Every structure is written in structure tokens, then in C-alpha cells.
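K.L.:
Questions regarding the structure given below will be posed in turn.
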Amino acid sequence: MKNTGRKKKFSFSKIYSFKRGKGQSSSSSKDEQLQIGGPGFSRIVVCNKEAGGVEEENGNSVGYYATNYVRTTKYTVSAIVPLVFVIGATMVKEGIEDWRRKQQDIEVNNRKVKVHEGSGKFSQTEWKNLKVGNIVKVEKDEFFPADLILLSSSYENAVCYVETMNLDGETNLKLKQALEVTSSLNEEDLKDFRATIKCEDPNANLYSFVGTMEFEEQQHSLSPQQLLLRDSKLRNTDHIYGAVIFTGHDTKVIQNSTEPPSKRSKIEKKMDKIVYLLFGVLFLMAFVGSVYFGVVTKNDSDRRWYLRPDDANVFFDPKRATFAAVFHFLTALLLYSYLIPISLYVSIEIVKVLQSIFINQDVNMYYEETDKPARTRTSNLNEELGQVDTILSDKTGTLTCNSMEFIKCSIAGIAYGYGVTEVEKTMAKRKGSPYNSSQIRSTIKGFNFDDERIVNGNWVNGPRSDVVEKFFRLLAICHTAIPDIDENTGKVTYEAESPDEAAFVIAAKELGFEFFKRTQTSVHVNELCPVIGESVKRSYKLLNIIEFNSSRKRMSVIVRDEEGNLLLLCKGADSVMFERLAENGREYEKETREHVNEYADAGLRTLILAYRKLGEQEYNLFEEKFLEAKNSISVDRGARIDEVTEEIEKDLILLGATAVEDKLQQGVPECIDKLAQAGIKIWVLTGDKMETAINIGYACSLLRQGMKQITITLDKPEITALEKTGDNDVIAKASKQSVVRQIIEGKNQVDDLNSEALALIIDGKSLAYALDEDVKKLFLELAIGCASVICCRSSPKQKALVTRLVKEGTKKITLAIGDGANDVGMLQEADIGIGISGVEGMQAVMSSDIAIAQFRFLERLLLVHGHWCYRRISSMICYFFYKNVTFGFTVFLYEAAASFSGQPAYNDWFLSLYNVFFTSLPVIAMGVFDQDVSATYCLKFPLLYQEGMQNVLFSWRRIIGWMLNGVCSAVIIFFLCVKTLSPQGFNKQGKIAEYQILGATMYTCVVWVVNCQMALAISYFTLIQHVFIWGGVAAWYLFLLAYGAMPPKISTTGYRVFVETLAPTPFFYLVTAFVVVSALVPYFAYKAVQMRFFPMYHGMIQWIRYEGKIEDPGYCEIVRQRSIRPTTVGLTARSLARTSPLKDNKNQRSR
């Protein structure tokens, strides 16, 4: 499309703006700009050059920068090649997963973008071809191909709107603005445009940028306001022009992409140890056999004349017995190598992939509202889903919906709003007086306010209507929301930075203050005028926006109204707002504090609203300092801005407080109840204030009436007094001592009340000291002694550190679950990371091991799929070792009987195909389909999950037991076959059984025994398992027929052995049947005794089903109560605590 060079008129904008920052000249910032060129600020970008932003400077090359090609794959060719040699199946699985990443890389690198050719013309090129210094044109709804400096846009004021959901998970639009000196550039101007950018070196900080642009012999400061990050999307703007400064792996988004941690399940790690053990057994067997062989060979004279030792080269030569022993050792290693289940690794990879497919296809974990099923992003951790000991959960968006509703408010000391929250309902039930509320819910998303004193303009005739007016006016102006007017209906909707902010703007609109338009420098509101009783349009000149951040905990705007008054409007957390009130602005402080506490008790999120009028001189002084701080390029730029804003955000006049409800997700209390009955500990890590977190804990049944609470906090008079002194060292020392003292006191309570359920609640300040190296062990001991743990005001880093502490301190499986970008560290640190695909973007999902749509699906994921996967993998591995030990020891016993001569018991092809055709498929079917109990019973009896937590199915006792079972089977098979086949005649012709007949018979018995053993071990038969088990046996007979029909050169000892010798002989079938039954009797007897007298959890439930007592509520309750201990939380435990103390139940059970 031909460019006319005309700019789009900026008549309507859908997002807020900062006060435009003009470039700072070199004369006004010499001290700050001295850093440019020094360490960390060495990057030089020459714009509009074809050589990738590189130029000869004073005869020296400035240097070449990274290309724009990116690679996110885990493996290069050099990494995949050795992987092939290690294990083929793992290579295939990992290769497929990496190929998918490769395909994504190819798609991204081949995206098109318009790049300036140097003559005012733009041509399409691929992202991977971009170079530093290129000028690009990005159009509406396109992604930025690299990190760019914004030069100009289609708007007159050179602003653009950016969506950063791919970076930080936030769905709100952010405004960016070019420097004034480049704001007028168009395509025609770009052919003569030359500028040099000097900036910081590549780093991972998304929210900071320091640099300067030298343009027309002037230095101009650059800030994050001009930085457009790769993978952000251009929105609500026709096009922008930008200069490429960081490409490929230098871009901030790639700098932030960390290598996903390599996670292996503990069962796999233990399996490696078992393989090492079997290698030790293998070497021992070979060593013992070779020593024996060497001794016998040395002393051999006439006893083994048939071996012709006089003519032997080495192997049987008495004169070289030592060499013979060494050669035998090597032969034995190869012969007994079938003891090592190499194919186990292949089988496990296949099974885990199939298990993951079943998890993905589970319709009971499909969330229809968002069309999101469960997704296993890695199959390595399936069995660990059945062994989780501790769940560490985020609150907002994970336990709650992250969909805020304006429900109550306090204005001028008067509480408004009759809404009843879920927490209030739960608390009322806890007290025995449930709400019977007939409240009609609002159909307006984000607004559930009901109070006739306020709605429908009734506030005009109420008390302190002037304060009410200022209150809702502040809600309509002090925000960063974007209005969007439907051209057909005229209805206004909003895109907001957070659900809270959207709820505030919607509430203001519904109560008479409709924010409907925003330009670069103004905000427009339809206000209900209390004088005339009608709506009037008013505009406010937007001078400054002082953004909210986690340290400030507040947001302010400075506006000028139509009367020319300068107003500072501020909203923020009570912890920072009350201290900023003026002496004459505290009229309603007492009542407001009481209401805020009540709202927190009801589980509501609160903000304090206040304002002040500014004088012209005061504002001008602030504006000068604020602009200077914003244009600063020093490393303490953020601190300087905060320092300036501190000076003006003071002497505020209190208006009131808002209260919004973040509702619990559907099924959260019930899910937590089942997980608690399963014995899983649940920790909540949240950034919310303590009161809100505590009441959400009650609503989730993590806390209950009568549960003693151990609260660790630094909100104590002595600490507060020290904080006023400003001596940071003294404050830190006293704070740490206070935290340690509180932890010790709490630990004493746990020791004194070891039969009661306790809850630990700790705030973020205290947590910082509790995680110190010399304190964290003590803190962990206290925490694991409590039934539930709630960490409030936690930062993302603290969440990750707490997760690491629990994982490393308990040595048990931890699971972290969250939905936001701030949960990524926690998800990657835990043994299993579960991402919830909620409203906070996909960053948590992309960093997770498994993704689900709702917290309640965790119940089925763990109690059903987790239990099944753990049991299947554990049983599969144990069985695999059993069948290999059975097979390997028959080879060893035959060797021993043959004087360790190196003669194999079986034909070479028999040896090779044992783990491939005759016994491999049944074990895979077991790992995929077997169920000890159905999904219904898994959910009905959560105690079944404790088998995985206690690891009873993969303990060393059980593993050694299966190996001994294999040894026992091998001994029975060998000796019964040998004794029954020798020395009497084998068939009616009187021929005795030669070694090939003995070997084929033993092999037949081994195949039957291990497959019948599989049939006994399986709890849930399917057609596939029948086909695989009996098909494996049938395949052996078919193989004997086919292999025996081949020429003797190929079939060797198997030549017609079945057709001519085994099949016609009834004794062969009798021996097979007798040996198979005899080999299975020990296992059958053991299982019968165990099932009858020492049943495991799944055995108890199987007996309930077998005896028809599954519908007997009394009997089922007795079994179910075994999983509810005094330290358990949840709805069921809370009900029991209210009706009959758990302590008494425990005493009764112990009698």
C-alpha cells in the first residue's frame, strides 16, 4: 500500500498515558550519562546501516551482535547422537518433544516483517534475518520481531498500545511513547535518518532500560517508555517504526527463558540403583563361576576327559587355568547379562507416553467453559502424581477465580453493601447459623453491590453526599483502564490492568460515574450531578499517572478539573495509606479501619481511597523533579522516582474503602477435603494480607473452628518502634530474633499438643528471616508439625524458596500449583509443577509439567490417575525384575550344573527374544491398563492414596521380595525339569532328554510361569491383556515351529526340536503343567495369607467390593476413617471435630 506520509489523527485513544517525557539534553544530565560506554552500558547501535548496526569507530570495529535467529530446543545434533547410544526409546520420545519445539522455532523465525531498505522503501523479510540497527515497520496485531526502540507511530503523539501477555501474563494494554525528536518520522524521512543508540548490555530485566540516542548531534535519554519487547503485540495502533537494538538470544524475553529443570521421578532414580545392584549380582555370579572354573580346570586330569583338555587352546587347558578363568569371566558376563532388564527402560517410556494420553483424554478433567482439557507436558513424572506429600498452592486464580466483584464499600465512615460472601457463609455455618440469604445476584460481571441507599442515585439524598460523590469520582478517574464503546449499542466495556481495577470502574459506572473516553491528556466521565439530578459530561486533564507497584502498594493520578483545581487522587493498601493521611483528613479513620477489618474477615480485598488538592507552585516543583527522575539514566532511577512521589503523596484526606470479592473456584473445598483425607499436606502461598488469607483458609476448610493458630508476624509494637528509628541493621537483627523466638514458641506448642490439629500462619516479612540458612531448618520442623500452613504477603522468590525448602528438607514429593507468571519459580522448583490455564496468561502453563483448567481437577489427577500410575509403574518394574531374575538364574543354575563350562542352557535366539516377543507386551499392558480399584472407589476411599505416599508398593522390601520370588521360581523350574527329564527315557522310543530338549522344556516353563505370574498379579483384566499374556505363550510355540523349520545352520539346536521331540511327547506337557503350578504355588500362598490377615489398603477395598459391602455406609465409614487423622484438615475432618473429637476416635481405634 502506498504511503502518503500522512499521520493518523489522534482524536480518540483507548488507554491511559504518562506525562510525555521529552528527551533530556546532554547539558542537563552530564553526570548521569557518564555511565554510557562503561561496564554494562557499552552497546552502540548505528541505525539504518546494513551491517547490523556495526560501524568502524576511530578505525576500530565496534563489534558484531547476535543474529535474530533463536533456538529453544533442548538438544543439538551433538547432544542427540550420544543419546542414541544411551537408550533408543528415550531418544525417540525426547526427540519427538524437541521436534515440536523445533517446529515452533521454525514458525517463529520465518515470520515476516517489513524492514527498511535504505531508500525510504520497506520490503518483507524473515525475522531470523533481522540485524541490530535495522529499521522495521510493525503493523496492527503483529508481534514485535526483536527488541525495538520506538521511533514513531501512526498517532500524532507517537504513542502505541502494546499487549504483553506473552511476557508477563498480563492482559492489559500498556502505552509506549517515542521521543519527541523522532515522533514525526515517516517512510520518506527514514531514508535520511541516522542515529546512534548507546544502551545497557543484554539482560533479563523486563521493566528497566537505560540508554541514550544521539540524533542530530544531540543526546536524548531513553527509558522503558520507548522500549518495545520481542513477542509483545501491537494493539489499537495502525503501525509503528522502530530501530532494532537487541536480536535473538540478546532479547529480554529470551534472556528470561530459563532452561526447564531436568526432572526425574524418584522411582526411576531408585530403579537405577536396582540395576546397579543387579550389575553387582551379575559380576559376583560371573566371578564365583570363573573362580570355580579356574580351580576345576587347574586340577582337572581325567574327570572331564570329554572336554579334551590336552588339545584345548586356552579355555580348558589345565596349564593355563588363570587365563581360562579370565576368559570364562568375560563369557559369563555376556551369558548372565540377561539378568539386566535393559528393555525395561524402553517399556517404561512407552507406558508413560500411553498413560499421558489417557490423562489428556479424561473427560472428567475437561473444562467446557474454556474448552481446556488436561495436558501432560512431560510424561516423566506420572508415577510421582501418586506419591505427593505436600501441595504448595497459590491463592488468587488458583483457589479463587481471579474474577473480582465489587460487593461492599465504606464511605465517610458508613458501611454500604448487603452482599454475602462465600467466606461469610462458611463462617456462619462454622458457627451453626447458616445464612438464608435471598439476595438476587447481579447479572453485571464485576458488580454484585446491593444497597438501596446508594443505587439508583439515592446517594444524592443520603448523608455526606459530597464525600460519596468524590469517592465514586475517584474510582472513575484513578485507574489505567481502557474504554471500548460498541458502535452499534453504545455500551461501554473496559480492558483493565487487573480484575480489581475493572470492578472499580464498572462499579463507578453503575453508580452514576461512567468513564467513557480517554485521550492522550484527558479523562472523560459522565457524572451524576447532585444539584440537577442528571448526568453531565465532565473532562479532567490528565497530568501524571504514578503507577502501582509491589513496593509502593498504591497508585495515584494528578488531574486538573474544569474549574482549574489540581487534584491528587490516590488508592492503595491500608498498610501504606493510613500513615499518609493529613491531621484534618482522619475524620473517618476509626470507622474505616473497623470496616476494613470486617471486610478482611469476610475474605474481601480492600483498598483505601483518599485525595488532596495541590497548589500550583507545589505541583510545578513536583513536575520538575518527577520529569528529571523519569529521564534519569542512572541505575537508581526507580528509587529516585519513588523518592519524588513520596513527597507529594502525603497529607491526604480519607474518603473511604472498597471491598471486592475474589470468589472461590467451584469444588475447591470438596477437593481439599479429599486431598486432606488422602493424607496430603496443603500449604497456601499468597501475596494477600493475612486477614484475607486466613478467611480464605476457612472457606477452603484449611482452617476450622477450634484449630489452634500459630501466627508469626513482625507487626509488633517493639518492631514498629524500631522501624521509626530508621537503623536498618538494628531493625533486621531485632526482627530476626523475634521471628526465631516465635518459631521456637510455636514448636513448643506443636510438641505439647501433638494430637491436635494446628495451623501455621506467617507473613512475608517474617518469612524472609525464617528462610535464612540458620533458621529455615527450625521453621520447617515447625511447619511440618502443623496440619496447614499459610504464607501471606509472599513474593515470587519466597514462593520458590519455600518450595525448595519443603522439597529438600522433607525428601518427599512436592507439588506446586499456580496460574500466574509469579508462580513460575515455584512450579519449576517443585517435583511436580501444575499450571492452571486461567485468566493470568499462559506463563505458568508453559512452565508446568501438567496443565489443568481448574483446581478441583487436582483431586482426580492425584487420587485416580496418580494412584493408578504409581501402582502400575511400581508393579511393572517389580515384575520386570522378577521375570529377568527368573530367566537369568535358570541360566546360572544350568551353568553351575555344567561345571561352569560356558555352555548356555538355551539357544542364542531363545536368549535374545525372551524380553522382546514372549514377555514384553504383557508388562506394557499392565503398565497401561491395570487397576486395583476403579476410579469411583479411588475417590470414595482417599486413604488408598497413602500407599503411594508411604511408597509401600516400591519399597526395598517389596523389590527384594519380587527378586526372591524370581530366584524361587528359577530354582523350582530348573531342578524339577532336570529331575523329571533325567535319567529316564523321554519318549516311547526310550531316548533321554538331551540338553537342547532340556533347554527347550525349561524355556517353555519359564515363559508359562512368568506369564501366569502376570495373570495372578493383575487386578483388572481387559481383552488386550488376555491377548498379550496368552498371545505371548502362543507366540513361543509358533516361534518353535517356525524356527525349527529353518535349516540346521540357522536353527542349530532348535532344529525341529518341537515338531519331532516335544510336541509328540505327552511327558513334555505333564512336566510343563507340573512345573508351572509348582513355581506359582509360593506366590499364591503368600498372597492368600497377606490378603486374609495383612491386607493392604487396596486389598481392604477389594474385599469390601467382593463381599458386597460397598453399599454398607457403616462398614465403608469405618474403612474411610482410617485416613482421617487428628492433623487432617478439610470439610469431613471439620465435621468430625464438631460432632466428636478426633482424639477420642483415635483412642477408640487404638484399643
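All residue names refer to the C-alpha cells as shown: chains lettered A, B, ... in order, residues numbered from 1 in each chain, ligands numbered from 1 in order.
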Find the residues around Ile407 of chain A up to 7 Å (only C-alpha atoms counted), leave out those fewer than 2 positions away in its own chain, and share them as an MDAnalysis selection string.
P.N.:
chainID A and resid 405 417 419 447:449 659:661
K.L.:
In Å to one decimal, how far is atom CA of Phe215 of chain A from atom CA of Ser184 of chain A?
P.N.:
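Here the two named atoms are 13.6 Å from each other.
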K.L.:
Can you pull out every residue within 6 Å of segment 684-687 of chain A, counting only C-alpha atoms, but drop anything in the same chain fewer than 6 positions away, and send it as a PDB file with N, CA, C and O atoms, in the first residue's frame?
P.N.:
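Writing the result to selection_38.pdb gives the following:
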ATOM      1  N   LEU A 392       1.810 -27.153  47.455  1.00  0.00           N
ATOM      2  CA  LEU A 392       2.021 -25.730  47.706  1.00  0.00           C
ATOM      3  C   LEU A 392       1.237 -24.962  46.648  1.00  0.00           C
ATOM      4  O   LEU A 392       1.540 -25.046  45.454  1.00  0.00           O
ATOM      5  N   SER A 393       0.226 -24.240  47.105  1.00  0.00           N
ATOM      6  CA  SER A 393      -0.722 -23.642  46.170  1.00  0.00           C
ATOM      7  C   SER A 393      -0.725 -22.133  46.264  1.00  0.00           C
ATOM      8  O   SER A 393      -0.640 -21.548  47.345  1.00  0.00           O
ATOM      9  N   ASP A 394      -0.825 -21.514  45.091  1.00  0.00           N
ATOM     10  CA  ASP A 394      -1.140 -20.091  45.023  1.00  0.00           C
ATOM     11  C   ASP A 394      -2.612 -19.929  45.415  1.00  0.00           C
ATOM     12  O   ASP A 394      -3.365 -20.904  45.435  1.00  0.00           O
ATOM     13  N   LYS A 395      -3.023 -18.708  45.734  1.00  0.00           N
ATOM     14  CA  LYS A 395      -4.430 -18.480  46.101  1.00  0.00           C
ATOM     15  C   LYS A 395      -5.208 -17.832  44.964  1.00  0.00           C
ATOM     16  O   LYS A 395      -6.121 -18.414  44.402  1.00  0.00           O
ATOM     17  N   ILE A 790      -0.104 -21.367  55.981  1.00  0.00           N
ATOM     18  CA  ILE A 790      -0.472 -20.260  55.104  1.00  0.00           C
ATOM     19  C   ILE A 790       0.619 -19.203  55.191  1.00  0.00           C
ATOM     20  O   ILE A 790       0.899 -18.675  56.267  1.00  0.00           O
ATOM     21  N   CYS A 791       1.251 -18.930  54.069  1.00  0.00           N
ATOM     22  CA  CYS A 791       2.281 -17.898  53.986  1.00  0.00           C
ATOM     23  C   CYS A 791       1.683 -16.683  53.277  1.00  0.00           C
ATOM     24  O   CYS A 791       1.318 -16.779  52.097  1.00  0.00           O
ATOM     25  N   CYS A 792       1.571 -15.566  53.981  1.00  0.00           N
ATOM     26  CA  CYS A 792       0.933 -14.368  53.435  1.00  0.00           C
ATOM     27  C   CYS A 792       1.994 -13.386  52.941  1.00  0.00           C
ATOM     28  O   CYS A 792       3.144 -13.419  53.370  1.00  0.00           O
ATOM     29  N   ARG A 793       1.565 -12.488  52.066  1.00  0.00           N
ATOM     30  CA  ARG A 793       2.441 -11.439  51.532  1.00  0.00           C
ATOM     31  C   ARG A 793       3.744 -12.033  50.981  1.00  0.00           C
ATOM     32  O   ARG A 793       4.828 -11.474  51.151  1.00  0.00           O
ATOM     33  N   SER A 794       3.633 -13.176  50.316  1.00  0.00           N
ATOM     34  CA  SER A 794       4.826 -13.857  49.801  1.00  0.00           C
ATOM     35  C   SER A 794       5.187 -13.318  48.427  1.00  0.00           C
ATOM     36  O   SER A 794       4.323 -13.160  47.562  1.00  0.00           O
TER      37      SER A 794
END
K.L.:
Using only C-alpha atoms, which protein or nucleic acid residues come within 9 Å of Lys112 of chain A? Drop anything in the same chain fewer than 4 positions from it, and give the result as a list in words.
P.N.:
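In the requested format, the answer is Gln124, Thr125, Glu126, Trp127 and Pro145 of chain A.
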K.L.:
Residues as selected, all heavy atoms, written as a PDB file, in the first residue's frame, can you do that?
P.N.:
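Result file follows (again.pdb):
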ATOM      1  N   GLN A 124       9.492  -7.102   2.702  1.00  0.00           N
ATOM      2  CA  GLN A 124       9.259  -8.189   3.648  1.00  0.00           C
ATOM      3  C   GLN A 124      10.531  -9.021   3.817  1.00  0.00           C
ATOM      4  O   GLN A 124      11.204  -9.343   2.837  1.00  0.00           O
ATOM      5  CB  GLN A 124       8.137  -9.091   3.140  1.00  0.00           C
ATOM      6  CG  GLN A 124       6.776  -8.433   3.087  1.00  0.00           C
ATOM      7  CD  GLN A 124       6.054  -8.502   4.421  1.00  0.00           C
ATOM      8  OE1 GLN A 124       6.589  -9.018   5.402  1.00  0.00           O
ATOM      9  NE2 GLN A 124       4.853  -7.957   4.468  1.00  0.00           N
ATOM     10  N   THR A 125      10.849  -9.348   5.042  1.00  0.00           N
ATOM     11  CA  THR A 125      11.955 -10.256   5.308  1.00  0.00           C
ATOM     12  C   THR A 125      11.599 -11.130   6.498  1.00  0.00           C
ATOM     13  O   THR A 125      10.663 -10.825   7.259  1.00  0.00           O
ATOM     14  CB  THR A 125      13.255  -9.485   5.597  1.00  0.00           C
ATOM     15  OG1 THR A 125      14.349 -10.414   5.671  1.00  0.00           O
ATOM     16  CG2 THR A 125      13.168  -8.742   6.922  1.00  0.00           C
ATOM     17  N   GLU A 126      12.312 -12.224   6.657  1.00  0.00           N
ATOM     18  CA  GLU A 126      12.040 -13.127   7.776  1.00  0.00           C
ATOM     19  C   GLU A 126      12.682 -12.592   9.047  1.00  0.00           C
ATOM     20  O   GLU A 126      13.717 -11.925   9.009  1.00  0.00           O
ATOM     21  CB  GLU A 126      12.571 -14.522   7.456  1.00  0.00           C
ATOM     22  CG  GLU A 126      11.863 -15.163   6.272  1.00  0.00           C
ATOM     23  CD  GLU A 126      12.511 -16.476   5.858  1.00  0.00           C
ATOM     24  OE1 GLU A 126      13.708 -16.655   6.192  1.00  0.00           O
ATOM     25  OE2 GLU A 126      11.847 -17.291   5.205  1.00  0.00           O
ATOM     26  N   TRP A 127      12.054 -12.937  10.176  1.00  0.00           N
ATOM     27  CA  TRP A 127      12.564 -12.471  11.474  1.00  0.00           C
ATOM     28  C   TRP A 127      14.033 -12.844  11.652  1.00  0.00           C
ATOM     29  O   TRP A 127      14.812 -12.064  12.187  1.00  0.00           O
ATOM     30  CB  TRP A 127      11.736 -13.088  12.605  1.00  0.00           C
ATOM     31  CG  TRP A 127      10.434 -12.406  12.869  1.00  0.00           C
ATOM     32  CD1 TRP A 127       9.706 -11.636  12.007  1.00  0.00           C
ATOM     33  CD2 TRP A 127       9.691 -12.448  14.085  1.00  0.00           C
ATOM     34  NE1 TRP A 127       8.568 -11.189  12.599  1.00  0.00           N
ATOM     35  CE2 TRP A 127       8.521 -11.679  13.879  1.00  0.00           C
ATOM     36  CE3 TRP A 127       9.877 -13.054  15.315  1.00  0.00           C
ATOM     37  CZ2 TRP A 127       7.564 -11.505  14.873  1.00  0.00           C
ATOM     38  CZ3 TRP A 127       8.928 -12.893  16.305  1.00  0.00           C
ATOM     39  CH2 TRP A 127       7.779 -12.119  16.095  1.00  0.00           C
ATOM     40  N   PRO A 145       9.289  -8.277  16.263  1.00  0.00           N
ATOM     41  CA  PRO A 145      10.230  -9.354  15.931  1.00  0.00           C
ATOM     42  C   PRO A 145      11.501  -9.346  16.754  1.00  0.00           C
ATOM     43  O   PRO A 145      12.236 -10.324  16.774  1.00  0.00           O
ATOM     44  CB  PRO A 145      10.546  -9.076  14.460  1.00  0.00           C
ATOM     45  CG  PRO A 145      10.397  -7.592  14.333  1.00  0.00           C
ATOM     46  CD  PRO A 145       9.294  -7.198  15.258  1.00  0.00           C
TER      47      PRO A 145
END
K.L.:
So which bits of segment 227-467 of chain A end up strand (DSSP E or B) when you DSSP the backbone, as a ChimeraX atom specification?
P.N.:
/A:227-228,233-235,239-246,367,372,375-376,388-393,400-411,414-416,447
K.L.:
Quick one: everything within 7 Å of Ile852 of chain A, counting only C-alpha atoms, minus sequence neighbours fewer than 5 positions away in the same chain. Send it as a PyMOL selection string.
P.N.:
chain A and resi 373-375+835-837+857
K.L.:
What's around Ser766 of chain A at 10 Å? Count only C-alpha atoms, leave out sequence neighbours fewer than 4 positions away in its own chain, and write the answer as a VMD selection string.
P.N.:
chain A and resid 712 to 715 735 to 736 738 to 740 742 762 770 to 771 791 to 794
K.L.:
Residues at most 10 Å from segment 350-356 of chain A, counting only C-alpha atoms, excluding those fewer than 6 positions away in the same chain, as a list of chain:residue names?
P.N.:
A:Ala89, A:Thr90, A:Lys93, A:Leu344, A:Ala374, A:Arg375, A:Thr376, A:Arg377, A:Thr378, A:Ser379, A:Asn380, A:Leu381, A:Asn382, A:Glu383, A:Ile850, A:His865, A:Trp868, A:Cys869, A:Arg872, A:Ile873, A:Met876, A:Val923, A:Ile924, A:Ala925, A:Met926, A:Gly927, A:Val928, A:Phe929
K.L.:
How would the residues just picked look written out with N, CA, C and O atoms as a tab-separated table (two decimals), in the first residue's frame?
P.N.:
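Result file follows (out-v7.tsv):
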chain	number	residue	atom	x	y	z
A	89	ALA	N	14.77	-45.66	22.96
A	89	ALA	CA	13.39	-45.24	23.19
A	89	ALA	C	13.32	-43.84	23.77
A	89	ALA	O	12.47	-43.03	23.38
A	90	THR	N	14.19	-43.56	24.73
A	90	THR	CA	14.20	-42.22	25.32
A	90	THR	C	14.54	-41.18	24.26
A	90	THR	O	13.98	-40.09	24.23
A	93	LYS	N	11.39	-40.50	22.22
A	93	LYS	CA	10.40	-39.68	22.93
A	93	LYS	C	10.87	-38.24	23.07
A	93	LYS	O	10.15	-37.29	22.76
A	344	LEU	N	13.63	-52.74	30.01
A	344	LEU	CA	12.73	-52.07	30.97
A	344	LEU	C	12.63	-50.58	30.67
A	344	LEU	O	11.55	-49.99	30.75
A	374	ALA	N	-7.12	-31.47	30.31
A	374	ALA	CA	-5.83	-31.63	31.00
A	374	ALA	C	-4.75	-31.90	29.96
A	374	ALA	O	-5.02	-32.53	28.92
A	375	ARG	N	-3.54	-31.42	30.23
A	375	ARG	CA	-2.44	-31.63	29.29
A	375	ARG	C	-1.17	-31.98	30.04
A	375	ARG	O	-0.69	-31.20	30.86
A	376	THR	N	-0.65	-33.18	29.80
A	376	THR	CA	0.63	-33.55	30.39
A	376	THR	C	1.74	-33.07	29.47
A	376	THR	O	1.86	-33.55	28.34
A	377	ARG	N	2.51	-32.12	29.94
A	377	ARG	CA	3.57	-31.54	29.12
A	377	ARG	C	4.86	-32.35	29.21
A	377	ARG	O	5.77	-32.15	28.44
A	378	THR	N	4.94	-33.23	30.19
A	378	THR	CA	6.04	-34.18	30.28
A	378	THR	C	5.50	-35.47	30.87
A	378	THR	O	4.65	-35.43	31.76
A	379	SER	N	5.96	-36.59	30.36
A	379	SER	CA	5.47	-37.88	30.86
A	379	SER	C	6.42	-38.51	31.86
A	379	SER	O	6.19	-39.64	32.30
A	380	ASN	N	7.47	-37.80	32.24
A	380	ASN	CA	8.48	-38.38	33.13
A	380	ASN	C	8.00	-38.55	34.56
A	380	ASN	O	8.60	-39.30	35.33
A	381	LEU	N	6.94	-37.84	34.94
A	381	LEU	CA	6.59	-37.74	36.36
A	381	LEU	C	5.24	-38.37	36.68
A	381	LEU	O	4.67	-38.08	37.72
A	382	ASN	N	4.72	-39.22	35.80
A	382	ASN	CA	3.38	-39.77	36.00
A	382	ASN	C	3.23	-40.43	37.36
A	382	ASN	O	2.26	-40.21	38.08
A	383	GLU	N	4.19	-41.31	37.71
A	383	GLU	CA	4.05	-42.07	38.95
A	383	GLU	C	4.18	-41.19	40.19
A	383	GLU	O	3.64	-41.53	41.25
A	850	ILE	N	2.32	-30.35	34.08
A	850	ILE	CA	0.96	-30.74	33.71
A	850	ILE	C	0.09	-29.50	33.81
A	850	ILE	O	0.23	-28.71	34.75
A	865	HIS	N	-5.61	-40.91	38.69
A	865	HIS	CA	-4.51	-41.14	37.76
A	865	HIS	C	-3.18	-41.29	38.50
A	865	HIS	O	-2.35	-42.12	38.11
A	868	TRP	N	-3.17	-44.79	40.10
A	868	TRP	CA	-3.03	-45.83	39.07
A	868	TRP	C	-1.62	-45.84	38.48
A	868	TRP	O	-1.01	-46.90	38.34
A	869	CYS	N	-1.11	-44.66	38.13
A	869	CYS	CA	0.21	-44.60	37.50
A	869	CYS	C	1.29	-45.10	38.45
A	869	CYS	O	2.20	-45.84	38.04
A	872	ARG	N	0.87	-48.91	38.75
A	872	ARG	CA	1.23	-49.59	37.51
A	872	ARG	C	2.74	-49.60	37.29
A	872	ARG	O	3.33	-50.63	36.98
A	873	ILE	N	3.36	-48.44	37.46
A	873	ILE	CA	4.81	-48.35	37.24
A	873	ILE	C	5.55	-49.19	38.26
A	873	ILE	O	6.50	-49.93	37.93
A	876	MET	N	4.95	-52.83	37.56
A	876	MET	CA	5.61	-53.16	36.29
A	876	MET	C	7.11	-53.38	36.48
A	876	MET	O	7.69	-54.34	35.97
A	923	VAL	N	3.71	-56.91	30.10
A	923	VAL	CA	4.13	-55.94	31.11
A	923	VAL	C	3.76	-54.53	30.69
A	923	VAL	O	3.43	-53.67	31.52
A	924	ILE	N	3.78	-54.25	29.39
A	924	ILE	CA	3.34	-52.94	28.90
A	924	ILE	C	1.84	-52.78	29.13
A	924	ILE	O	1.37	-51.72	29.57
A	925	ALA	N	1.08	-53.84	28.84
A	925	ALA	CA	-0.37	-53.79	29.07
A	925	ALA	C	-0.68	-53.57	30.55
A	925	ALA	O	-1.61	-52.84	30.91
A	926	MET	N	0.11	-54.19	31.41
A	926	MET	CA	-0.07	-53.99	32.86
A	926	MET	C	0.16	-52.54	33.22
A	926	MET	O	-0.60	-51.94	34.00
A	927	GLY	N	1.21	-51.93	32.66
A	927	GLY	CA	1.53	-50.55	32.99
A	927	GLY	C	0.53	-49.55	32.46
A	927	GLY	O	0.47	-48.42	32.93
A	928	VAL	N	-0.26	-49.97	31.48
A	928	VAL	CA	-1.22	-49.04	30.87
A	928	VAL	C	-2.63	-49.25	31.38
A	928	VAL	O	-3.37	-48.28	31.62
A	929	PHE	N	-3.06	-50.50	31.57
A	929	PHE	CA	-4.48	-50.78	31.79
A	929	PHE	C	-4.83	-51.26	33.20
A	929	PHE	O	-6.01	-51.20	33.57
K.L.:
With distances taken over only C-alpha atoms, which of A:Thr390, A:Gly512, A:Tyr367, A:Arg320 is nearest to Lys812 of chain A?
P.N.:
A:Thr390
K.L.:
Could you check which of A:Leu780, A:Met1091, A:Leu943, A:Leu998 is closest to Gly1054 of chain A, using only C-alpha atoms?
P.N.:
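Using only C-alpha atoms, the shortest distance to Gly1054 of chain A belongs to A:Leu998.
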K.L.:
How many Å separate atom CA of Ile245 of chain A from atom CA of Asn48 of chain A?
P.N.:
11.4 Å
K.L.:
Would you please extract all helix (DSSP H, G or I) residues from segment 490-679 of chain A, as assigned by DSSP on the backbone, and give them as number ranges by chain?
P.N.:
A: 499-510, 574-580, 583-585, 589-601, 616-630, 637-648, 668-677
